[in-house]
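What follows is the content of protein.cif, which has mmCIF, N, CA and C atoms:
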data_coords
#
loop_
_atom_site.label_atom_id
_atom_site.label_comp_id
_atom_site.auth_asym_id
_atom_site.auth_seq_id
_atom_site.Cartn_x
_atom_site.Cartn_y
_atom_site.Cartn_z
N MET V 1 102.50 -62.56 -112.19
CA MET V 1 101.53 -63.48 -111.61
C MET V 1 100.36 -62.72 -110.94
N LEU V 2 100.67 -61.58 -110.33
CA LEU V 2 99.61 -60.80 -109.68
C LEU V 2 98.55 -60.33 -110.68
N ASN V 3 98.98 -60.04 -111.90
CA ASN V 3 98.02 -59.61 -112.92
C ASN V 3 97.05 -60.73 -113.29
N ILE V 4 97.54 -61.96 -113.31
CA ILE V 4 96.67 -63.12 -113.59
C ILE V 4 95.66 -63.28 -112.45
N PHE V 5 96.14 -63.17 -111.21
CA PHE V 5 95.23 -63.30 -110.07
C PHE V 5 94.20 -62.17 -110.05
N ASP V 6 94.61 -60.98 -110.44
CA ASP V 6 93.68 -59.85 -110.54
C ASP V 6 92.57 -60.18 -111.53
N LEU V 7 92.94 -60.68 -112.70
CA LEU V 7 91.95 -61.04 -113.73
C LEU V 7 91.04 -62.16 -113.24
N ILE V 8 91.61 -63.19 -112.64
CA ILE V 8 90.81 -64.30 -112.12
C ILE V 8 89.85 -63.80 -111.05
N GLY V 9 90.33 -62.95 -110.15
CA GLY V 9 89.48 -62.39 -109.11
C GLY V 9 88.34 -61.57 -109.67
N ARG V 10 88.62 -60.78 -110.71
CA ARG V 10 87.56 -59.99 -111.34
C ARG V 10 86.52 -60.89 -111.98
N ILE V 11 86.97 -61.98 -112.58
CA ILE V 11 86.02 -62.93 -113.19
C ILE V 11 85.18 -63.59 -112.11
N LEU V 12 85.82 -64.07 -111.06
CA LEU V 12 85.10 -64.80 -110.01
C LEU V 12 84.07 -63.94 -109.29
N ILE V 13 84.39 -62.69 -109.01
CA ILE V 13 83.44 -61.84 -108.30
C ILE V 13 82.31 -61.38 -109.22
N SER V 14 82.55 -61.38 -110.52
CA SER V 14 81.57 -60.87 -111.47
C SER V 14 80.60 -61.93 -112.00
N ILE V 15 81.03 -63.16 -112.06
CA ILE V 15 80.24 -64.20 -112.75
C ILE V 15 78.87 -64.40 -112.12
N LEU V 16 78.77 -64.28 -110.81
CA LEU V 16 77.49 -64.44 -110.11
C LEU V 16 76.47 -63.43 -110.63
N PHE V 17 76.88 -62.19 -110.78
CA PHE V 17 75.96 -61.13 -111.20
C PHE V 17 75.60 -61.27 -112.67
N LEU V 18 76.56 -61.63 -113.47
CA LEU V 18 76.30 -61.84 -114.89
C LEU V 18 75.27 -62.96 -115.09
N LEU V 19 75.47 -64.07 -114.41
CA LEU V 19 74.52 -65.19 -114.53
C LEU V 19 73.15 -64.83 -113.97
N ASN V 20 73.12 -64.08 -112.87
CA ASN V 20 71.83 -63.66 -112.30
C ASN V 20 71.09 -62.70 -113.23
N GLY V 21 71.83 -61.85 -113.92
CA GLY V 21 71.19 -60.96 -114.90
C GLY V 21 70.55 -61.75 -116.02
N VAL V 22 71.26 -62.75 -116.52
CA VAL V 22 70.72 -63.62 -117.57
C VAL V 22 69.52 -64.40 -117.04
N TYR V 23 69.61 -64.89 -115.81
CA TYR V 23 68.49 -65.62 -115.20
C TYR V 23 67.25 -64.72 -115.13
N LYS V 24 67.45 -63.47 -114.74
CA LYS V 24 66.31 -62.56 -114.63
C LYS V 24 65.63 -62.35 -115.99
N ILE V 25 66.41 -62.33 -117.05
CA ILE V 25 65.82 -62.21 -118.39
C ILE V 25 65.02 -63.47 -118.71
N ASN V 26 65.60 -64.63 -118.44
CA ASN V 26 64.95 -65.91 -118.75
C ASN V 26 63.74 -66.18 -117.86
N ASN V 27 63.70 -65.58 -116.68
CA ASN V 27 62.60 -65.78 -115.75
C ASN V 27 62.00 -64.42 -115.39
N TYR V 28 61.77 -63.63 -116.41
CA TYR V 28 61.35 -62.23 -116.23
C TYR V 28 60.11 -62.11 -115.36
N ASN V 29 59.04 -62.79 -115.75
CA ASN V 29 57.77 -62.66 -115.01
C ASN V 29 57.88 -63.14 -113.58
N GLY V 30 58.57 -64.25 -113.37
CA GLY V 30 58.75 -64.76 -112.01
C GLY V 30 59.55 -63.80 -111.14
N THR V 31 60.56 -63.17 -111.73
CA THR V 31 61.37 -62.22 -110.98
C THR V 31 60.58 -60.95 -110.67
N VAL V 32 59.77 -60.50 -111.62
CA VAL V 32 58.91 -59.33 -111.37
C VAL V 32 57.97 -59.64 -110.22
N ASP V 33 57.35 -60.82 -110.23
CA ASP V 33 56.45 -61.20 -109.14
C ASP V 33 57.19 -61.21 -107.80
N TRP V 34 58.42 -61.73 -107.80
CA TRP V 34 59.21 -61.80 -106.57
C TRP V 34 59.53 -60.41 -106.05
N ILE V 35 59.95 -59.50 -106.94
CA ILE V 35 60.26 -58.13 -106.54
C ILE V 35 59.01 -57.45 -105.99
N GLU V 36 57.88 -57.65 -106.66
CA GLU V 36 56.63 -57.03 -106.21
C GLU V 36 56.16 -57.59 -104.87
N SER V 37 56.54 -58.83 -104.56
CA SER V 37 56.16 -59.42 -103.27
C SER V 37 56.83 -58.69 -102.09
N PHE V 38 57.86 -57.91 -102.38
CA PHE V 38 58.53 -57.10 -101.36
C PHE V 38 58.00 -55.67 -101.35
N GLY V 39 56.95 -55.41 -102.13
CA GLY V 39 56.34 -54.09 -102.16
C GLY V 39 57.05 -53.11 -103.09
N LEU V 40 57.93 -53.62 -103.94
CA LEU V 40 58.64 -52.76 -104.89
C LEU V 40 58.00 -52.86 -106.26
N PRO V 41 58.13 -51.82 -107.07
CA PRO V 41 57.59 -51.90 -108.43
C PRO V 41 58.40 -52.86 -109.29
N GLY V 42 57.71 -53.70 -110.03
CA GLY V 42 58.36 -54.70 -110.88
C GLY V 42 59.26 -54.12 -111.95
N ILE V 43 59.02 -52.87 -112.31
CA ILE V 43 59.83 -52.22 -113.34
C ILE V 43 61.30 -52.11 -112.91
N LEU V 44 61.56 -52.22 -111.62
CA LEU V 44 62.95 -52.16 -111.13
C LEU V 44 63.81 -53.31 -111.64
N ILE V 45 63.16 -54.32 -112.18
CA ILE V 45 63.93 -55.43 -112.74
C ILE V 45 64.79 -54.96 -113.92
N ILE V 46 64.32 -53.98 -114.66
CA ILE V 46 65.06 -53.54 -115.85
C ILE V 46 66.41 -52.93 -115.48
N PRO V 47 66.48 -51.94 -114.57
CA PRO V 47 67.82 -51.45 -114.21
C PRO V 47 68.67 -52.51 -113.52
N ALA V 48 68.02 -53.43 -112.80
CA ALA V 48 68.78 -54.51 -112.16
C ALA V 48 69.43 -55.40 -113.21
N ILE V 49 68.67 -55.75 -114.24
CA ILE V 49 69.22 -56.59 -115.32
C ILE V 49 70.36 -55.87 -116.03
N VAL V 50 70.14 -54.61 -116.35
CA VAL V 50 71.18 -53.85 -117.04
C VAL V 50 72.46 -53.81 -116.19
N LEU V 51 72.31 -53.48 -114.91
CA LEU V 51 73.47 -53.41 -114.02
C LEU V 51 74.14 -54.77 -113.88
N GLU V 52 73.35 -55.83 -113.71
CA GLU V 52 73.91 -57.15 -113.47
C GLU V 52 74.55 -57.77 -114.72
N ILE V 53 74.30 -57.21 -115.86
CA ILE V 53 74.96 -57.72 -117.07
C ILE V 53 76.12 -56.81 -117.49
N ILE V 54 75.89 -55.51 -117.52
CA ILE V 54 76.92 -54.61 -118.03
C ILE V 54 78.07 -54.44 -117.04
N ALA V 55 77.78 -54.19 -115.78
CA ALA V 55 78.86 -53.95 -114.81
C ALA V 55 79.81 -55.14 -114.68
N PRO V 56 79.31 -56.39 -114.58
CA PRO V 56 80.25 -57.51 -114.51
C PRO V 56 81.10 -57.65 -115.77
N LEU V 57 80.51 -57.41 -116.93
CA LEU V 57 81.30 -57.48 -118.16
C LEU V 57 82.40 -56.41 -118.16
N PHE V 58 82.05 -55.21 -117.72
CA PHE V 58 83.05 -54.15 -117.63
C PHE V 58 84.17 -54.56 -116.67
N ILE V 59 83.80 -55.14 -115.54
CA ILE V 59 84.81 -55.55 -114.56
C ILE V 59 85.69 -56.66 -115.12
N ILE V 60 85.09 -57.64 -115.76
CA ILE V 60 85.86 -58.75 -116.33
C ILE V 60 86.85 -58.23 -117.36
N PHE V 61 86.40 -57.35 -118.24
CA PHE V 61 87.28 -56.84 -119.29
C PHE V 61 88.16 -55.69 -118.80
N GLY V 62 87.91 -55.25 -117.57
CA GLY V 62 88.75 -54.20 -117.01
C GLY V 62 88.47 -52.83 -117.57
N TYR V 63 87.21 -52.54 -117.84
CA TYR V 63 86.82 -51.25 -118.38
C TYR V 63 85.92 -50.53 -117.37
N LYS V 64 86.31 -49.32 -117.00
CA LYS V 64 85.54 -48.54 -116.02
C LYS V 64 85.28 -49.36 -114.75
N VAL V 65 86.31 -50.04 -114.29
CA VAL V 65 86.21 -50.96 -113.15
C VAL V 65 85.80 -50.24 -111.87
N LYS V 66 86.36 -49.07 -111.64
CA LYS V 66 86.06 -48.36 -110.39
C LYS V 66 84.59 -47.96 -110.32
N ILE V 67 84.05 -47.46 -111.39
CA ILE V 67 82.63 -47.06 -111.42
C ILE V 67 81.73 -48.29 -111.32
N SER V 68 82.02 -49.31 -112.12
CA SER V 68 81.20 -50.53 -112.14
C SER V 68 81.20 -51.23 -110.79
N SER V 69 82.37 -51.33 -110.17
CA SER V 69 82.44 -52.02 -108.88
C SER V 69 81.78 -51.18 -107.79
N GLY V 70 81.86 -49.86 -107.88
CA GLY V 70 81.16 -49.02 -106.92
C GLY V 70 79.66 -49.19 -107.01
N LEU V 71 79.15 -49.26 -108.24
CA LEU V 71 77.71 -49.47 -108.43
C LEU V 71 77.27 -50.84 -107.92
N LEU V 72 78.08 -51.86 -108.19
CA LEU V 72 77.71 -53.21 -107.71
C LEU V 72 77.83 -53.31 -106.20
N SER V 73 78.74 -52.57 -105.60
CA SER V 73 78.83 -52.55 -104.14
C SER V 73 77.55 -51.98 -103.54
N LEU V 74 77.09 -50.86 -104.08
CA LEU V 74 75.82 -50.27 -103.61
C LEU V 74 74.65 -51.20 -103.85
N PHE V 75 74.65 -51.87 -105.00
CA PHE V 75 73.60 -52.83 -105.34
C PHE V 75 73.57 -53.96 -104.30
N CYS V 76 74.73 -54.48 -103.95
CA CYS V 76 74.82 -55.57 -102.97
C CYS V 76 74.28 -55.13 -101.61
N ILE V 77 74.65 -53.95 -101.18
CA ILE V 77 74.18 -53.46 -99.89
C ILE V 77 72.67 -53.26 -99.92
N ALA V 78 72.16 -52.66 -100.99
CA ALA V 78 70.72 -52.43 -101.10
C ALA V 78 69.95 -53.75 -101.11
N THR V 79 70.41 -54.72 -101.91
CA THR V 79 69.69 -55.99 -101.97
C THR V 79 69.78 -56.76 -100.66
N ALA V 80 70.89 -56.63 -99.95
CA ALA V 80 71.01 -57.29 -98.65
C ALA V 80 69.93 -56.78 -97.70
N PHE V 81 69.79 -55.46 -97.62
CA PHE V 81 68.84 -54.88 -96.67
C PHE V 81 67.39 -55.01 -97.14
N ILE V 82 67.15 -55.03 -98.43
CA ILE V 82 65.77 -55.11 -98.93
C ILE V 82 65.26 -56.55 -98.97
N PHE V 83 66.08 -57.47 -99.49
CA PHE V 83 65.59 -58.82 -99.77
C PHE V 83 66.05 -59.87 -98.77
N HIS V 84 67.04 -59.58 -97.95
CA HIS V 84 67.58 -60.60 -97.03
C HIS V 84 67.65 -60.06 -95.61
N ASN V 85 66.59 -59.44 -95.16
CA ASN V 85 66.61 -58.76 -93.87
C ASN V 85 66.01 -59.55 -92.71
N ASP V 86 65.57 -60.78 -92.97
CA ASP V 86 65.07 -61.63 -91.88
C ASP V 86 66.27 -62.38 -91.30
N LEU V 87 66.98 -61.72 -90.40
CA LEU V 87 68.22 -62.27 -89.88
C LEU V 87 68.01 -63.39 -88.87
N THR V 88 66.74 -63.71 -88.55
CA THR V 88 66.46 -64.86 -87.70
C THR V 88 66.45 -66.15 -88.51
N ASP V 89 66.33 -66.04 -89.82
CA ASP V 89 66.35 -67.18 -90.74
C ASP V 89 67.80 -67.39 -91.19
N GLN V 90 68.35 -68.56 -90.91
CA GLN V 90 69.76 -68.82 -91.20
C GLN V 90 70.10 -68.61 -92.68
N MET V 91 69.23 -69.01 -93.60
CA MET V 91 69.49 -68.82 -95.03
C MET V 91 69.51 -67.34 -95.39
N GLN V 92 68.59 -66.58 -94.82
CA GLN V 92 68.55 -65.14 -95.08
C GLN V 92 69.77 -64.43 -94.48
N LEU V 93 70.18 -64.86 -93.29
CA LEU V 93 71.37 -64.30 -92.67
C LEU V 93 72.60 -64.56 -93.53
N THR V 94 72.71 -65.80 -94.02
CA THR V 94 73.84 -66.14 -94.89
C THR V 94 73.82 -65.32 -96.16
N SER V 95 72.65 -65.17 -96.78
CA SER V 95 72.53 -64.36 -97.99
C SER V 95 72.86 -62.90 -97.71
N PHE V 96 72.40 -62.40 -96.58
CA PHE V 96 72.69 -61.03 -96.18
C PHE V 96 74.20 -60.83 -96.06
N LEU V 97 74.86 -61.72 -95.33
CA LEU V 97 76.30 -61.59 -95.10
C LEU V 97 77.10 -61.78 -96.39
N LYS V 98 76.64 -62.67 -97.29
CA LYS V 98 77.32 -62.83 -98.58
C LYS V 98 77.23 -61.54 -99.39
N ASN V 99 76.07 -60.90 -99.39
CA ASN V 99 75.93 -59.64 -100.12
C ASN V 99 76.84 -58.56 -99.53
N ILE V 100 76.92 -58.51 -98.21
CA ILE V 100 77.79 -57.53 -97.55
C ILE V 100 79.25 -57.82 -97.89
N ALA V 101 79.63 -59.10 -97.87
CA ALA V 101 81.00 -59.48 -98.21
C ALA V 101 81.33 -59.15 -99.66
N LEU V 102 80.39 -59.41 -100.57
CA LEU V 102 80.60 -59.04 -101.98
C LEU V 102 80.74 -57.53 -102.12
N ALA V 103 79.95 -56.78 -101.37
CA ALA V 103 80.08 -55.32 -101.40
C ALA V 103 81.49 -54.91 -101.00
N GLY V 104 82.03 -55.58 -99.99
CA GLY V 104 83.39 -55.30 -99.57
C GLY V 104 84.40 -55.62 -100.66
N GLY V 105 84.22 -56.74 -101.34
CA GLY V 105 85.10 -57.08 -102.45
C GLY V 105 85.04 -56.06 -103.56
N PHE V 106 83.85 -55.59 -103.86
CA PHE V 106 83.71 -54.56 -104.89
C PHE V 106 84.32 -53.23 -104.45
N LEU V 107 84.28 -52.95 -103.15
CA LEU V 107 84.94 -51.74 -102.66
C LEU V 107 86.46 -51.82 -102.88
N PHE V 108 87.05 -53.00 -102.66
CA PHE V 108 88.47 -53.18 -102.94
C PHE V 108 88.76 -52.89 -104.41
N LEU V 109 87.91 -53.40 -105.29
CA LEU V 109 88.10 -53.14 -106.72
C LEU V 109 87.92 -51.65 -107.03
N MET V 110 86.96 -51.03 -106.38
CA MET V 110 86.72 -49.62 -106.63
C MET V 110 87.95 -48.79 -106.22
N ILE V 111 88.56 -49.14 -105.12
CA ILE V 111 89.72 -48.40 -104.63
C ILE V 111 90.96 -48.68 -105.48
N ASN V 112 91.17 -49.94 -105.84
CA ASN V 112 92.42 -50.34 -106.50
C ASN V 112 92.34 -50.41 -108.02
N GLY V 113 91.14 -50.53 -108.58
CA GLY V 113 91.01 -50.66 -110.02
C GLY V 113 91.58 -51.98 -110.52
N ALA V 114 91.68 -52.10 -111.82
CA ALA V 114 92.20 -53.31 -112.45
C ALA V 114 93.70 -53.14 -112.69
N LYS V 115 94.39 -54.25 -112.81
CA LYS V 115 95.84 -54.23 -113.05
C LYS V 115 96.11 -54.26 -114.56
N GLU V 116 97.17 -54.91 -114.94
CA GLU V 116 97.67 -54.90 -116.32
C GLU V 116 96.68 -55.45 -117.35
N PHE V 117 96.02 -56.56 -117.03
CA PHE V 117 95.14 -57.20 -118.00
C PHE V 117 93.77 -56.53 -117.97
N SER V 118 93.72 -55.32 -118.51
CA SER V 118 92.47 -54.56 -118.49
C SER V 118 92.45 -53.54 -119.62
N LEU V 119 91.25 -53.23 -120.06
CA LEU V 119 91.08 -52.18 -121.07
C LEU V 119 91.43 -50.82 -120.49
N ASP V 120 91.15 -50.61 -119.21
CA ASP V 120 91.51 -49.34 -118.59
C ASP V 120 93.01 -49.09 -118.70
N LYS V 121 93.79 -50.11 -118.46
CA LYS V 121 95.26 -49.97 -118.56
C LYS V 121 95.69 -49.73 -120.01
N LYS V 122 95.05 -50.40 -120.95
CA LYS V 122 95.39 -50.24 -122.37
C LYS V 122 95.08 -48.82 -122.85
N PHE V 123 94.00 -48.22 -122.33
CA PHE V 123 93.58 -46.89 -122.78
C PHE V 123 94.33 -45.75 -122.09
N LYS V 124 95.13 -46.06 -121.07
CA LYS V 124 95.89 -45.00 -120.37
C LYS V 124 97.08 -44.57 -121.17
#
Translate this structure into structure tokens?
Amino acid sequence: MLNIFDLIGRILISILFLLNGVYKINNYNGTVDWIESFGLPGILIIPAIVLEIIAPLFIIFGYKVKISSGLLSLFCIATAFIFHNDLTDQMQLTSFLKNIALAGGFLFLMINGAKEFSLDKKFK
């Protein structure tokens, strides 16, 4: 039963990033404008899209989970501090704390890896 919960947990923590990566592709220009409004180069959308699509898929399928979750943890911390740093705004504070909490979840995955239902386990 723990292996099923591990798989479900990996899916649940990953789906947000996978969908956001797809959204960024579908709303490319709008996302570039949004990133640039924070003083960052719009070209950063490309590595963000790649990370938000590939890393969640790797985590869901249980392939290179420790590396993928470590990268997404760093991504969550960076985006929290860059894009959600107005902690006087309740919505921004909530977004900041959600990103920090997700980073913590990814750290658990980075430390523990995937269980039985994973490609990593199959390749060992």
Inset, instruction - Run the PyMOL selection byres ((chain V and resi 4-13) around 7) on the file and write out the hits as a list in words. - result: Met1, Leu2, Asn3, Ser14, Ile15, Leu16, Phe17, Pro56, Ile59, Ile60, Ala114, Lys115 and Phe117 of chain V
Please provide the set of residues having any atom within 12 Å of Ser69 (chain V), restricted to only C-alpha atoms, with same-chain residues fewer than 4 positions apart removed, written as an mmCIF file with N, CA and C atoms, keeping the file's coordinate frame.
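result-v6.cif, freshly written:
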data_model
loop_
_atom_site.group_PDB
_atom_site.id
_atom_site.type_symbol
_atom_site.label_atom_id
_atom_site.label_comp_id
_atom_site.auth_asym_id
_atom_site.auth_seq_id
_atom_site.Cartn_x
_atom_site.Cartn_y
_atom_site.Cartn_z
ATOM 1 N N ARG V 10 88.620 -60.780 -110.710
ATOM 2 C CA ARG V 10 87.560 -59.990 -111.340
ATOM 3 C C ARG V 10 86.520 -60.890 -111.980
ATOM 4 N N ILE V 13 84.390 -62.690 -109.010
ATOM 5 C CA ILE V 13 83.440 -61.840 -108.300
ATOM 6 C C ILE V 13 82.310 -61.380 -109.220
ATOM 7 N N SER V 14 82.550 -61.380 -110.520
ATOM 8 C CA SER V 14 81.570 -60.870 -111.470
ATOM 9 C C SER V 14 80.600 -61.930 -112.000
ATOM 10 N N PHE V 17 76.880 -62.190 -110.780
ATOM 11 C CA PHE V 17 75.960 -61.130 -111.200
ATOM 12 C C PHE V 17 75.600 -61.270 -112.670
ATOM 13 N N LEU V 51 72.310 -53.480 -114.910
ATOM 14 C CA LEU V 51 73.470 -53.410 -114.020
ATOM 15 C C LEU V 51 74.140 -54.770 -113.880
ATOM 16 N N GLU V 52 73.350 -55.830 -113.710
ATOM 17 C CA GLU V 52 73.910 -57.150 -113.470
ATOM 18 C C GLU V 52 74.550 -57.770 -114.720
ATOM 19 N N ILE V 54 75.890 -55.510 -117.520
ATOM 20 C CA ILE V 54 76.920 -54.610 -118.030
ATOM 21 C C ILE V 54 78.070 -54.440 -117.040
ATOM 22 N N ALA V 55 77.780 -54.190 -115.780
ATOM 23 C CA ALA V 55 78.860 -53.950 -114.810
ATOM 24 C C ALA V 55 79.810 -55.140 -114.680
ATOM 25 N N PRO V 56 79.310 -56.390 -114.580
ATOM 26 C CA PRO V 56 80.250 -57.510 -114.510
ATOM 27 C C PRO V 56 81.100 -57.650 -115.770
ATOM 28 N N LEU V 57 80.510 -57.410 -116.930
ATOM 29 C CA LEU V 57 81.300 -57.480 -118.160
ATOM 30 C C LEU V 57 82.400 -56.410 -118.160
ATOM 31 N N PHE V 58 82.050 -55.210 -117.720
ATOM 32 C CA PHE V 58 83.050 -54.150 -117.630
ATOM 33 C C PHE V 58 84.170 -54.560 -116.670
ATOM 34 N N ILE V 59 83.800 -55.140 -115.540
ATOM 35 C CA ILE V 59 84.810 -55.550 -114.560
ATOM 36 C C ILE V 59 85.690 -56.660 -115.120
ATOM 37 N N ILE V 60 85.090 -57.640 -115.760
ATOM 38 C CA ILE V 60 85.860 -58.750 -116.330
ATOM 39 C C ILE V 60 86.850 -58.230 -117.360
ATOM 40 N N GLY V 62 87.910 -55.250 -117.570
ATOM 41 C CA GLY V 62 88.750 -54.200 -117.010
ATOM 42 C C GLY V 62 88.470 -52.830 -117.570
ATOM 43 N N TYR V 63 87.210 -52.540 -117.840
ATOM 44 C CA TYR V 63 86.820 -51.250 -118.380
ATOM 45 C C TYR V 63 85.920 -50.530 -117.370
ATOM 46 N N LYS V 64 86.310 -49.320 -117.000
ATOM 47 C CA LYS V 64 85.540 -48.540 -116.020
ATOM 48 C C LYS V 64 85.280 -49.360 -114.750
ATOM 49 N N VAL V 65 86.310 -50.040 -114.290
ATOM 50 C CA VAL V 65 86.210 -50.960 -113.150
ATOM 51 C C VAL V 65 85.800 -50.240 -111.870
ATOM 52 N N SER V 73 78.740 -52.570 -105.600
ATOM 53 C CA SER V 73 78.830 -52.550 -104.140
ATOM 54 C C SER V 73 77.550 -51.980 -103.540
ATOM 55 N N LEU V 74 77.090 -50.860 -104.080
ATOM 56 C CA LEU V 74 75.820 -50.270 -103.610
ATOM 57 C C LEU V 74 74.650 -51.200 -103.850
ATOM 58 N N PHE V 75 74.650 -51.870 -105.000
ATOM 59 C CA PHE V 75 73.600 -52.830 -105.340
ATOM 60 C C PHE V 75 73.570 -53.960 -104.300
ATOM 61 N N CYS V 76 74.730 -54.480 -103.950
ATOM 62 C CA CYS V 76 74.820 -55.570 -102.970
ATOM 63 C C CYS V 76 74.280 -55.130 -101.610
ATOM 64 N N LEU V 102 80.390 -59.410 -100.570
ATOM 65 C CA LEU V 102 80.600 -59.040 -101.980
ATOM 66 C C LEU V 102 80.740 -57.530 -102.120
ATOM 67 N N ALA V 103 79.950 -56.780 -101.370
ATOM 68 C CA ALA V 103 80.080 -55.320 -101.400
ATOM 69 C C ALA V 103 81.490 -54.910 -101.000
ATOM 70 N N GLY V 104 82.030 -55.580 -99.990
ATOM 71 C CA GLY V 104 83.390 -55.300 -99.570
ATOM 72 C C GLY V 104 84.400 -55.620 -100.660
ATOM 73 N N GLY V 105 84.220 -56.740 -101.340
ATOM 74 C CA GLY V 105 85.100 -57.080 -102.450
ATOM 75 C C GLY V 105 85.040 -56.060 -103.560
ATOM 76 N N PHE V 106 83.850 -55.590 -103.860
ATOM 77 C CA PHE V 106 83.710 -54.560 -104.890
ATOM 78 C C PHE V 106 84.320 -53.230 -104.450
ATOM 79 N N LEU V 107 84.280 -52.950 -103.150
ATOM 80 C CA LEU V 107 84.940 -51.740 -102.660
ATOM 81 C C LEU V 107 86.460 -51.820 -102.880
ATOM 82 N N PHE V 108 87.050 -53.000 -102.660
ATOM 83 C CA PHE V 108 88.470 -53.180 -102.940
ATOM 84 C C PHE V 108 88.760 -52.890 -104.410
ATOM 85 N N LEU V 109 87.910 -53.400 -105.290
ATOM 86 C CA LEU V 109 88.100 -53.140 -106.720
ATOM 87 C C LEU V 109 87.920 -51.650 -107.030
ATOM 88 N N MET V 110 86.960 -51.030 -106.380
ATOM 89 C CA MET V 110 86.720 -49.620 -106.630
ATOM 90 C C MET V 110 87.950 -48.790 -106.220
ATOM 91 N N ILE V 111 88.560 -49.140 -105.120
ATOM 92 C CA ILE V 111 89.720 -48.400 -104.630
ATOM 93 C C ILE V 111 90.960 -48.680 -105.480
ATOM 94 N N ASN V 112 91.170 -49.940 -105.840
ATOM 95 C CA ASN V 112 92.420 -50.340 -106.500
ATOM 96 C C ASN V 112 92.340 -50.410 -108.020
ATOM 97 N N GLY V 113 91.140 -50.530 -108.580
ATOM 98 C CA GLY V 113 91.010 -50.660 -110.020
ATOM 99 C C GLY V 113 91.580 -51.980 -110.520
ATOM 100 N N ALA V 114 91.680 -52.100 -111.820
ATOM 101 C CA ALA V 114 92.200 -53.310 -112.450
ATOM 102 C C ALA V 114 93.700 -53.140 -112.690
#
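Note that CA of Phe96 (chain V) and CA of Ala78 (chain V) are 10.1 Å apart.
The gap separating atom C of Ser68 (chain V) from atom N of Lys124 (chain V) is 18.1 Å, in Å to one decimal.
Distance-wise, atom N of Ile25 (chain V) and atom C of Ala80 (chain V) end up 20.4 Å apart.
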Inset, instruction - Can you give me, as a ChimeraX atom specification, the residues this file yields under the PyMOL selection byres ((chain V and resi 49) around 7)? - result: /V:20-22,24-25,44-48,50-54
Inset, instruction - Just the residues within 8 Å of region 81-83 of chain V, please, counting only N, CA and C atoms, with nothing from its chain fewer than 6 positions along; format it as a PyMOL selection string. - result: chain V and resi 38+75+92+95-96+99-100
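Each of V:Phe61, V:Ile77, V:Val32, V:Leu71 was checked against Ser118 (chain V) using only C-alpha atoms; the smallest atom-to-atom distance is that of V:Phe61.
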Inset, instruction - Pick out each residue of chain V that DSSP on the backbone tags as alpha helix (DSSP H); I need them as JSON, numbers by chain. - result: {"V": [2, 3, 4, 5, 6, 7, 8, 9, 10, 11, 12, 13, 14, 15, 16, 17, 18, 19, 20, 21, 22, 23, 24, 25, 26, 28, 29, 30, 31, 32, 33, 34, 35, 36, 45, 46, 47, 48, 49, 50, 51, 52, 53, 54, 55, 56, 57, 58, 59, 60, 61, 65, 66, 67, 68, 69, 70, 71, 72, 73, 74, 75, 76, 77, 78, 79, 80, 81, 82, 83, 90, 91, 92, 93, 94, 95, 96, 97, 98, 99, 100, 101, 102, 103, 104, 105, 106, 107, 108, 109, 110, 111, 112, 119, 120, 121, 122, 123]}
To box region 39-47 of chain V, take all atoms listed in the file, fit an axis-aligned box, add 6 Å on each side, and give centre and edge lengths in Å to one decimal, as lines of an AutoDock Vina configuration file.
center_x = 62.5
center_y = -53.4
center_z = -109.0
size_x = 24.3
size_y = 16.0
size_z = 25.7
